[in-house]
>>> print(open('coords-v5.pdb').read())   # PDB, C-alpha atoms
ATOM      1  CA  MET Z   1       0.000   0.000   0.000
ATOM      2  CA  ARG Z   2       1.697   3.191  -1.142
ATOM      3  CA  ASN Z   3       0.721   6.701  -0.221
ATOM      4  CA  ARG Z   4       2.699   9.937  -0.162
ATOM      5  CA  VAL Z   5       3.645  11.252   3.266
ATOM      6  CA  PRO Z   6       3.989  15.059   3.334
ATOM      7  CA  GLY Z   7       6.911  16.522   5.233
ATOM      8  CA  TRP Z   8       9.798  14.282   4.317
ATOM      9  CA  THR Z   9      11.045  11.712   1.847
ATOM     10  CA  ASN Z  10      13.337   8.735   2.152
ATOM     11  CA  SER Z  11      16.147  10.701   0.525
ATOM     12  CA  SER Z  12      15.738  13.741   2.814
ATOM     13  CA  GLN Z  13      16.471  11.886   6.052
ATOM     14  CA  ALA Z  14      19.206   9.290   6.508
ATOM     15  CA  ALA Z  15      18.060   8.395  10.030
ATOM     16  CA  MET Z  16      15.020   9.585  11.931
ATOM     17  CA  PRO Z  17      15.566  10.237  15.660
ATOM     18  CA  TYR Z  18      11.901   9.776  16.585
ATOM     19  CA  ILE Z  19       8.479   8.765  15.296
ATOM     20  CA  TYR Z  20       4.871   9.790  15.802
ATOM     21  CA  LEU Z  21       2.684   7.224  17.558
ATOM     22  CA  ALA Z  22      -0.945   7.373  16.450
ATOM     23  CA  SER Z  23      -2.251   5.434  19.446
ATOM     24  CA  GLN Z  24      -3.224   6.300  22.994
ATOM     25  CA  SER Z  25      -2.626   2.741  24.203
ATOM     26  CA  PRO Z  26      -0.306   2.745  27.260
ATOM     27  CA  ARG Z  27       0.765  -0.775  26.304
ATOM     28  CA  ARG Z  28       1.999   0.308  22.873
ATOM     29  CA  GLN Z  29       3.870   3.182  24.459
ATOM     30  CA  GLU Z  30       5.533   0.809  26.930
ATOM     31  CA  LEU Z  31       6.500  -1.599  24.162
ATOM     32  CA  LEU Z  32       8.065   1.163  22.060
ATOM     33  CA  GLN Z  33      10.013   2.266  25.126
ATOM     34  CA  GLN Z  34      11.164  -1.339  25.510
ATOM     35  CA  LEU Z  35      12.649  -1.127  22.015
ATOM     36  CA  GLY Z  36      14.252   2.205  22.825
ATOM     37  CA  VAL Z  37      12.185   4.056  20.204
ATOM     38  CA  ARG Z  38      11.628   7.746  20.875
ATOM     39  CA  PHE Z  39       8.144   8.911  19.980
ATOM     40  CA  GLU Z  40       5.652  11.733  20.208
ATOM     41  CA  LEU Z  41       1.912  11.114  20.406
ATOM     42  CA  LEU Z  42      -0.198  12.064  17.400
ATOM     43  CA  LEU Z  43      -3.733  11.485  18.647
ATOM     44  CA  PRO Z  44      -7.135  12.207  17.074
ATOM     45  CA  GLY Z  45      -8.591  15.634  17.728
ATOM     46  CA  ALA Z  46     -12.071  16.408  18.994
ATOM     47  CA  ASP Z  47     -13.255  16.797  15.405
ATOM     48  CA  GLU Z  48     -12.274  13.214  14.476
ATOM     49  CA  ASP Z  49     -14.497  10.163  14.951
ATOM     50  CA  ALA Z  50     -11.786   7.649  15.813
ATOM     51  CA  GLU Z  51     -14.299   4.969  16.838
ATOM     52  CA  ALA Z  52     -15.907   5.051  13.392
ATOM     53  CA  LEU Z  53     -12.661   3.782  11.872
ATOM     54  CA  GLU Z  54     -13.044   0.561  13.858
ATOM     55  CA  ALA Z  55     -16.541  -0.295  12.646
ATOM     56  CA  VAL Z  56     -16.725  -3.768  11.136
ATOM     57  CA  LEU Z  57     -18.044  -3.998   7.593
ATOM     58  CA  PRO Z  58     -20.753  -6.614   6.873
ATOM     59  CA  GLY Z  59     -19.184 -10.017   6.285
ATOM     60  CA  GLU Z  60     -15.648  -8.676   6.721
ATOM     61  CA  PRO Z  61     -13.082 -11.379   7.661
ATOM     62  CA  PRO Z  62     -10.948 -10.598  10.745
ATOM     63  CA  ASP Z  63      -7.686 -10.626   8.749
ATOM     64  CA  ASP Z  64      -9.044  -8.062   6.277
ATOM     65  CA  TYR Z  65     -10.599  -6.014   9.045
ATOM     66  CA  VAL Z  66      -7.452  -5.524  11.124
ATOM     67  CA  GLN Z  67      -5.386  -4.536   8.090
ATOM     68  CA  ARG Z  68      -8.022  -2.133   6.754
ATOM     69  CA  VAL Z  69      -8.486  -0.429  10.111
ATOM     70  CA  THR Z  70      -4.751  -0.060  10.656
ATOM     71  CA  HIS Z  71      -4.271   1.446   7.220
ATOM     72  CA  ALA Z  72      -7.175   3.845   7.871
ATOM     73  CA  LYS Z  73      -5.618   4.886  11.193
ATOM     74  CA  ALA Z  74      -2.305   5.558   9.445
ATOM     75  CA  GLU Z  75      -4.014   7.611   6.746
ATOM     76  CA  ALA Z  76      -5.915   9.635   9.352
ATOM     77  CA  ALA Z  77      -2.721  10.293  11.298
ATOM     78  CA  ARG Z  78      -0.925  11.386   8.148
ATOM     79  CA  THR Z  79      -3.666  13.937   7.466
ATOM     80  CA  ARG Z  80      -3.532  15.046  11.108
ATOM     81  CA  LEU Z  81       0.227  15.627  10.859
ATOM     82  CA  ALA Z  82      -0.112  17.700   7.706
ATOM     83  CA  ARG Z  83      -2.907  19.845   9.174
ATOM     84  CA  ALA Z  84      -0.920  20.485  12.353
ATOM     85  CA  GLY Z  85       2.136  21.607  10.378
ATOM     86  CA  LEU Z  86       4.404  19.439  12.523
ATOM     87  CA  PRO Z  87       7.916  18.389  11.462
ATOM     88  CA  GLY Z  88       7.937  15.338   9.232
ATOM     89  CA  ALA Z  89       8.756  11.946  10.733
ATOM     90  CA  PRO Z  90       7.531   8.352  10.356
ATOM     91  CA  ILE Z  91       4.104   7.583  11.799
ATOM     92  CA  LEU Z  92       3.222   4.304  13.492
ATOM     93  CA  ALA Z  93      -0.376   3.061  13.735
ATOM     94  CA  ALA Z  94      -1.674  -0.295  14.926
ATOM     95  CA  ASP Z  95      -4.838  -2.232  15.616
ATOM     96  CA  THR Z  96      -5.500  -5.426  17.550
ATOM     97  CA  THR Z  97      -8.508  -7.675  17.218
ATOM     98  CA  VAL Z  98      -9.536 -10.969  18.775
ATOM     99  CA  CYS Z  99     -11.532 -13.521  16.850
ATOM    100  CA  LEU Z 100     -13.161 -16.837  17.675
ATOM    101  CA  ASP Z 101     -14.367 -19.145  14.910
ATOM    102  CA  GLY Z 102     -14.147 -16.284  12.420
ATOM    103  CA  THR Z 103     -16.165 -13.878  14.581
ATOM    104  CA  ILE Z 104     -14.531 -10.598  15.589
ATOM    105  CA  LEU Z 105     -14.682  -9.948  19.334
ATOM    106  CA  GLY Z 106     -13.950  -6.252  19.674
ATOM    107  CA  LYS Z 107     -13.899  -3.941  22.670
ATOM    108  CA  PRO Z 108     -16.860  -4.688  24.961
ATOM    109  CA  PHE Z 109     -19.706  -2.186  24.934
ATOM    110  CA  ASP Z 110     -20.246  -2.543  28.689
ATOM    111  CA  ASP Z 111     -19.659  -4.954  31.572
ATOM    112  CA  ALA Z 112     -22.460  -7.272  30.447
ATOM    113  CA  ASP Z 113     -20.865  -7.545  27.013
ATOM    114  CA  ALA Z 114     -17.472  -8.210  28.627
ATOM    115  CA  ARG Z 115     -18.967 -11.082  30.632
ATOM    116  CA  ALA Z 116     -20.499 -12.561  27.489
ATOM    117  CA  VAL Z 117     -17.239 -12.310  25.539
ATOM    118  CA  LEU Z 118     -15.185 -13.919  28.308
ATOM    119  CA  ALA Z 119     -17.743 -16.717  28.628
ATOM    120  CA  ARG Z 120     -17.297 -17.395  24.903
ATOM    121  CA  LEU Z 121     -13.507 -17.472  25.255
ATOM    122  CA  SER Z 122     -13.633 -19.816  28.254
ATOM    123  CA  GLY Z 123     -11.999 -23.167  27.486
ATOM    124  CA  THR Z 124     -11.264 -22.272  23.854
ATOM    125  CA  ARG Z 125      -8.446 -21.416  21.498
ATOM    126  CA  HIS Z 126      -8.818 -18.030  19.827
ATOM    127  CA  ARG Z 127      -6.761 -15.854  17.499
ATOM    128  CA  VAL Z 128      -5.269 -12.448  18.248
ATOM    129  CA  LEU Z 129      -4.365 -10.376  15.198
ATOM    130  CA  THR Z 130      -2.316  -7.188  15.413
ATOM    131  CA  ALA Z 131      -1.548  -5.154  12.316
ATOM    132  CA  VAL Z 132       1.147  -2.462  12.310
ATOM    133  CA  ALA Z 133       1.563   0.296   9.732
ATOM    134  CA  VAL Z 134       4.455   2.739   9.394
ATOM    135  CA  CYS Z 135       4.149   5.782   7.133
ATOM    136  CA  ALA Z 136       7.617   6.418   5.730
ATOM    137  CA  GLY Z 137       8.593   8.560   2.783
ATOM    138  CA  ASP Z 138       6.072   8.019   0.019
ATOM    139  CA  GLU Z 139       4.875   4.646   1.330
ATOM    140  CA  ILE Z 140       2.904   2.967   4.077
ATOM    141  CA  HIS Z 141       4.608  -0.273   5.124
ATOM    142  CA  GLN Z 142       2.382  -2.779   6.879
ATOM    143  CA  ALA Z 143       2.708  -6.130   8.646
ATOM    144  CA  VAL Z 144       0.347  -8.465  10.503
ATOM    145  CA  ASN Z 145       1.087 -10.742  13.435
ATOM    146  CA  ILE Z 146      -1.248 -13.647  14.193
ATOM    147  CA  SER Z 147      -1.085 -15.466  17.508
ATOM    148  CA  HIS Z 148      -3.169 -18.198  19.109
ATOM    149  CA  VAL Z 149      -4.226 -18.140  22.749
ATOM    150  CA  TRP Z 150      -5.697 -20.998  24.778
ATOM    151  CA  PHE Z 151      -7.915 -20.117  27.754
ATOM    152  CA  ARG Z 152      -8.629 -22.614  30.493
ATOM    153  CA  PRO Z 153     -12.285 -23.024  31.469
ATOM    154  CA  LEU Z 154     -13.406 -20.011  33.495
ATOM    155  CA  ARG Z 155     -15.826 -20.113  36.407
ATOM    156  CA  ARG Z 156     -18.624 -17.567  36.534
ATOM    157  CA  ASP Z 157     -17.247 -15.997  39.720
ATOM    158  CA  GLU Z 158     -13.820 -15.596  38.076
ATOM    159  CA  ILE Z 159     -15.381 -13.768  35.168
ATOM    160  CA  GLU Z 160     -17.377 -11.575  37.561
ATOM    161  CA  ARG Z 161     -14.275 -10.616  39.563
ATOM    162  CA  TYR Z 162     -12.278  -9.886  36.427
ATOM    163  CA  VAL Z 163     -14.995  -7.699  34.922
ATOM    164  CA  ALA Z 164     -15.389  -5.889  38.259
ATOM    165  CA  SER Z 165     -11.675  -5.014  38.143
ATOM    166  CA  GLY Z 166     -12.391  -2.819  35.113
ATOM    167  CA  GLU Z 167      -9.555  -4.336  33.128
ATOM    168  CA  PRO Z 168     -11.683  -5.602  30.195
ATOM    169  CA  ARG Z 169     -12.802  -2.074  29.278
ATOM    170  CA  GLY Z 170     -11.308  -0.780  26.060
ATOM    171  CA  LYS Z 171      -9.589  -4.060  25.236
ATOM    172  CA  ALA Z 172     -10.254  -6.275  22.226
ATOM    173  CA  GLY Z 173     -11.639  -9.598  23.395
ATOM    174  CA  ALA Z 174     -12.374  -8.057  26.817
ATOM    175  CA  TYR Z 175      -9.005  -8.979  28.329
ATOM    176  CA  GLY Z 176      -5.381  -7.899  28.623
ATOM    177  CA  ILE Z 177      -2.835 -10.702  28.716
ATOM    178  CA  GLN Z 178      -0.361  -8.486  30.573
ATOM    179  CA  GLY Z 179      -2.789  -8.023  33.474
ATOM    180  CA  LYS Z 180      -5.008 -10.146  35.686
ATOM    181  CA  ALA Z 181      -6.162 -12.248  32.734
ATOM    182  CA  ALA Z 182      -2.726 -13.874  32.575
ATOM    183  CA  GLU Z 183      -4.040 -16.529  34.953
ATOM    184  CA  PHE Z 184      -6.627 -17.566  32.362
ATOM    185  CA  VAL Z 185      -4.012 -18.396  29.711
ATOM    186  CA  LEU Z 186      -2.955 -22.022  29.376
ATOM    187  CA  ARG Z 187      -0.512 -21.297  26.544
ATOM    188  CA  ILE Z 188       0.128 -19.139  23.542
ATOM    189  CA  ASP Z 189       1.473 -19.803  20.086
ATOM    190  CA  GLY Z 190       2.853 -16.591  18.628
ATOM    191  CA  SER Z 191       3.999 -13.209  19.897
ATOM    192  CA  TYR Z 192       3.349 -12.133  23.481
ATOM    193  CA  SER Z 193       3.957  -8.489  22.566
ATOM    194  CA  GLY Z 194       1.638  -8.918  19.581
ATOM    195  CA  ILE Z 195      -1.112 -10.115  21.897
ATOM    196  CA  MET Z 196      -0.435  -7.064  24.084
ATOM    197  CA  GLY Z 197      -0.949  -4.822  21.067
ATOM    198  CA  LEU Z 198       2.361  -4.290  19.250
ATOM    199  CA  PRO Z 199       4.424  -7.210  17.881
ATOM    200  CA  LEU Z 200       7.985  -6.057  18.516
ATOM    201  CA  CYS Z 201       9.675  -8.220  15.879
ATOM    202  CA  GLU Z 202       7.534  -6.916  13.030
ATOM    203  CA  THR Z 203       7.471  -3.381  14.433
ATOM    204  CA  ALA Z 204      11.255  -3.162  14.710
ATOM    205  CA  ALA Z 205      11.653  -4.400  11.134
ATOM    206  CA  LEU Z 206       9.180  -1.824   9.799
ATOM    207  CA  LEU Z 207      10.807   1.019  11.725
ATOM    208  CA  ARG Z 208      14.278   0.089  10.527
ATOM    209  CA  GLN Z 209      12.929  -0.071   6.989
ATOM    210  CA  ALA Z 210      11.710   3.481   7.556
ATOM    211  CA  GLY Z 211      15.166   4.591   8.669
ATOM    212  CA  VAL Z 212      14.312   5.078  12.337
ATOM    213  CA  ASP Z 213      17.343   5.251  14.645
ATOM    214  CA  PHE Z 214      16.936   3.205  17.839
TER     215      PHE Z 214
END
>>> encode(input="coords-v5.pdb", output="structure tokens")
Amino acid sequence: MRNRVPGWTNSSQAAMPYIYLASQSPRRQELLQQLGVRFELLLPGADEDAEALEAVLPGEPPDDYVQRVTHAKAEAARTRLARAGLPGAPILAADTTVCLDGTILGKPFDDADARAVLARLSGTRHRVLTAVAVCAGDEIHQAVNISHVWFRPLRRDEIERYVASGEPRGKAGAYGIQGKAAEFVLRIDGSYSGIMGLPLCETAALLRQAGVDF
């Protein structure tokens, strides 16, 4: 997917000292810090409907969905950067989705929805897909990480306590593997950081491709 990025070109910068992160996720910020990547936040303004970008299209497969949404987030951030007149630098956007039997399990609407989602995940294997996009020069480079997670069977009282903790709110699949839900996980096949929200192997490769110095 190729799109022009205003502000700089591959030839105008040999090495970029920082990037813009188009995500308010604390987990993604922590993971970038783990890599040693310097970043500035480039978040949606009050005039942007960020939630609308994450709407699922009818019949859309999870793999297509996560890539489309990530690309849309990158495009929106690129426009945001140009409007703000900020110095040019690579932009990183990402999206994580959880799916079970081909059904996308997004962020829960409320606590009742979180309980229902966790009950569906109980005793199953599900997929966690995280797409990453980096706007660099005249291109948007993108990668997808797919991991599998096995949950042990969950008791109703365990689900109730976890939902009461507030942790499921704002998280795809109604859980965060880095938090209290770690005790639900029998095993994973894939990338732990990808399940958290930013696969570090793929992210590092994309950033180096963009000429980011870290």
>>> atom_distance(input="coords-v5.pdb", atom1="atom CA of Z:Leu200", atom2="atom CA of Z:Ala84")
28.7 Å
>>> resolve_selection(input="coords-v5.pdb", expression="the PyMOL selection byres ((chain Z and resi 149) around 9)", output="JSON, numbers by chain")
{"Z": [124, 125, 126, 127, 128, 147, 148, 150, 151, 185, 186, 187, 188, 189, 190, 195]}
>>> resolve_selection(input="coords-v5.pdb", expression="the PyMOL selection byres ((chain Z and resi 20) around 8)", output="list of chain:residue names")
Z:Tyr18, Z:Ile19, Z:Leu21, Z:Ala22, Z:Phe39, Z:Glu40, Z:Leu41, Z:Leu42, Z:Ala89, Z:Pro90, Z:Ile91, Z:Leu92
>>> write_last_selection(input="coords-v5.pdb", atoms="C-alpha atoms", output="PDB file, in the coordinates of the input")
ATOM      1  CA  TYR Z  18      11.901   9.776  16.585  1.00  0.00           C
ATOM      2  CA  ILE Z  19       8.479   8.765  15.296  1.00  0.00           C
ATOM      3  CA  LEU Z  21       2.684   7.224  17.558  1.00  0.00           C
ATOM      4  CA  ALA Z  22      -0.945   7.373  16.450  1.00  0.00           C
ATOM      5  CA  PHE Z  39       8.144   8.911  19.980  1.00  0.00           C
ATOM      6  CA  GLU Z  40       5.652  11.733  20.208  1.00  0.00           C
ATOM      7  CA  LEU Z  41       1.912  11.114  20.406  1.00  0.00           C
ATOM      8  CA  LEU Z  42      -0.198  12.064  17.400  1.00  0.00           C
ATOM      9  CA  ALA Z  89       8.756  11.946  10.733  1.00  0.00           C
ATOM     10  CA  PRO Z  90       7.531   8.352  10.356  1.00  0.00           C
ATOM     11  CA  ILE Z  91       4.104   7.583  11.799  1.00  0.00           C
ATOM     12  CA  LEU Z  92       3.222   4.304  13.492  1.00  0.00           C
TER      13      LEU Z  92
END
>>> resolve_selection(input="coords-v5.pdb", expression="the PyMOL selection byres ((chain Z and resi 34) around 12)", output="ChimeraX atom specification")
/Z:27-33,35-38,193,198-201,203-204,214
>>> write_last_selection(input="coords-v5.pdb", atoms="C-alpha atoms", output="CSV table (one decimal), in the frame of the given file")
chain,number,residue,atom,x,y,z
Z,27,ARG,CA,0.8,-0.8,26.3
Z,28,ARG,CA,2.0,0.3,22.9
Z,29,GLN,CA,3.9,3.2,24.5
Z,30,GLU,CA,5.5,0.8,26.9
Z,31,LEU,CA,6.5,-1.6,24.2
Z,32,LEU,CA,8.1,1.2,22.1
Z,33,GLN,CA,10.0,2.3,25.1
Z,35,LEU,CA,12.6,-1.1,22.0
Z,36,GLY,CA,14.3,2.2,22.8
Z,37,VAL,CA,12.2,4.1,20.2
Z,38,ARG,CA,11.6,7.7,20.9
Z,193,SER,CA,4.0,-8.5,22.6
Z,198,LEU,CA,2.4,-4.3,19.2
Z,199,PRO,CA,4.4,-7.2,17.9
Z,200,LEU,CA,8.0,-6.1,18.5
Z,201,CYS,CA,9.7,-8.2,15.9
Z,203,THR,CA,7.5,-3.4,14.4
Z,204,ALA,CA,11.3,-3.2,14.7
Z,214,PHE,CA,16.9,3.2,17.8
>>> closest_residue(input="coords-v5.pdb", among="Z:Thr96, Z:Gly45, Z:Glu139, Z:Ala112", to="Z:Glu75", atoms="all atoms listed in the file")
Z:Glu139
>>> residues_near_point(input="coords-v5.pdb", point="(-5.5, -10.1, 5.8)", cutoff="10 Å", atoms="only C-alpha atoms", output="PyMOL selection string")
chain Z and resi 61-68+129+131+143-144
>>> atom_distance(input="coords-v5.pdb", atom1="atom CA of Z:Glu183", atom2="atom CA of Z:Glu54")
28.6 Å
>>> residues_around(input="coords-v5.pdb", residues="Z:Val134", least_positions_apart="2", cutoff="8 Å", atoms="only C-alpha atoms", output="PyMOL selection string")
chain Z and resi 74+90-93+132+136+140-142+206-207+210
>>> atom_distance(input="coords-v5.pdb", atom1="atom CA of Z:Leu53", atom2="atom CA of Z:Val69")
6.2 Å
>>> residues_around(input="coords-v5.pdb", residues="Z:Ala15", least_positions_apart="6", cutoff="8 Å", atoms="only C-alpha atoms", output="list in words")
Gly211, Val212 and Asp213 of chain Z
>>> closest_residue(input="coords-v5.pdb", among="Z:Pro153, Z:Gly85, Z:Gly194, Z:Gly59", to="Z:Val98", atoms="only C-alpha atoms")
Z:Gly194
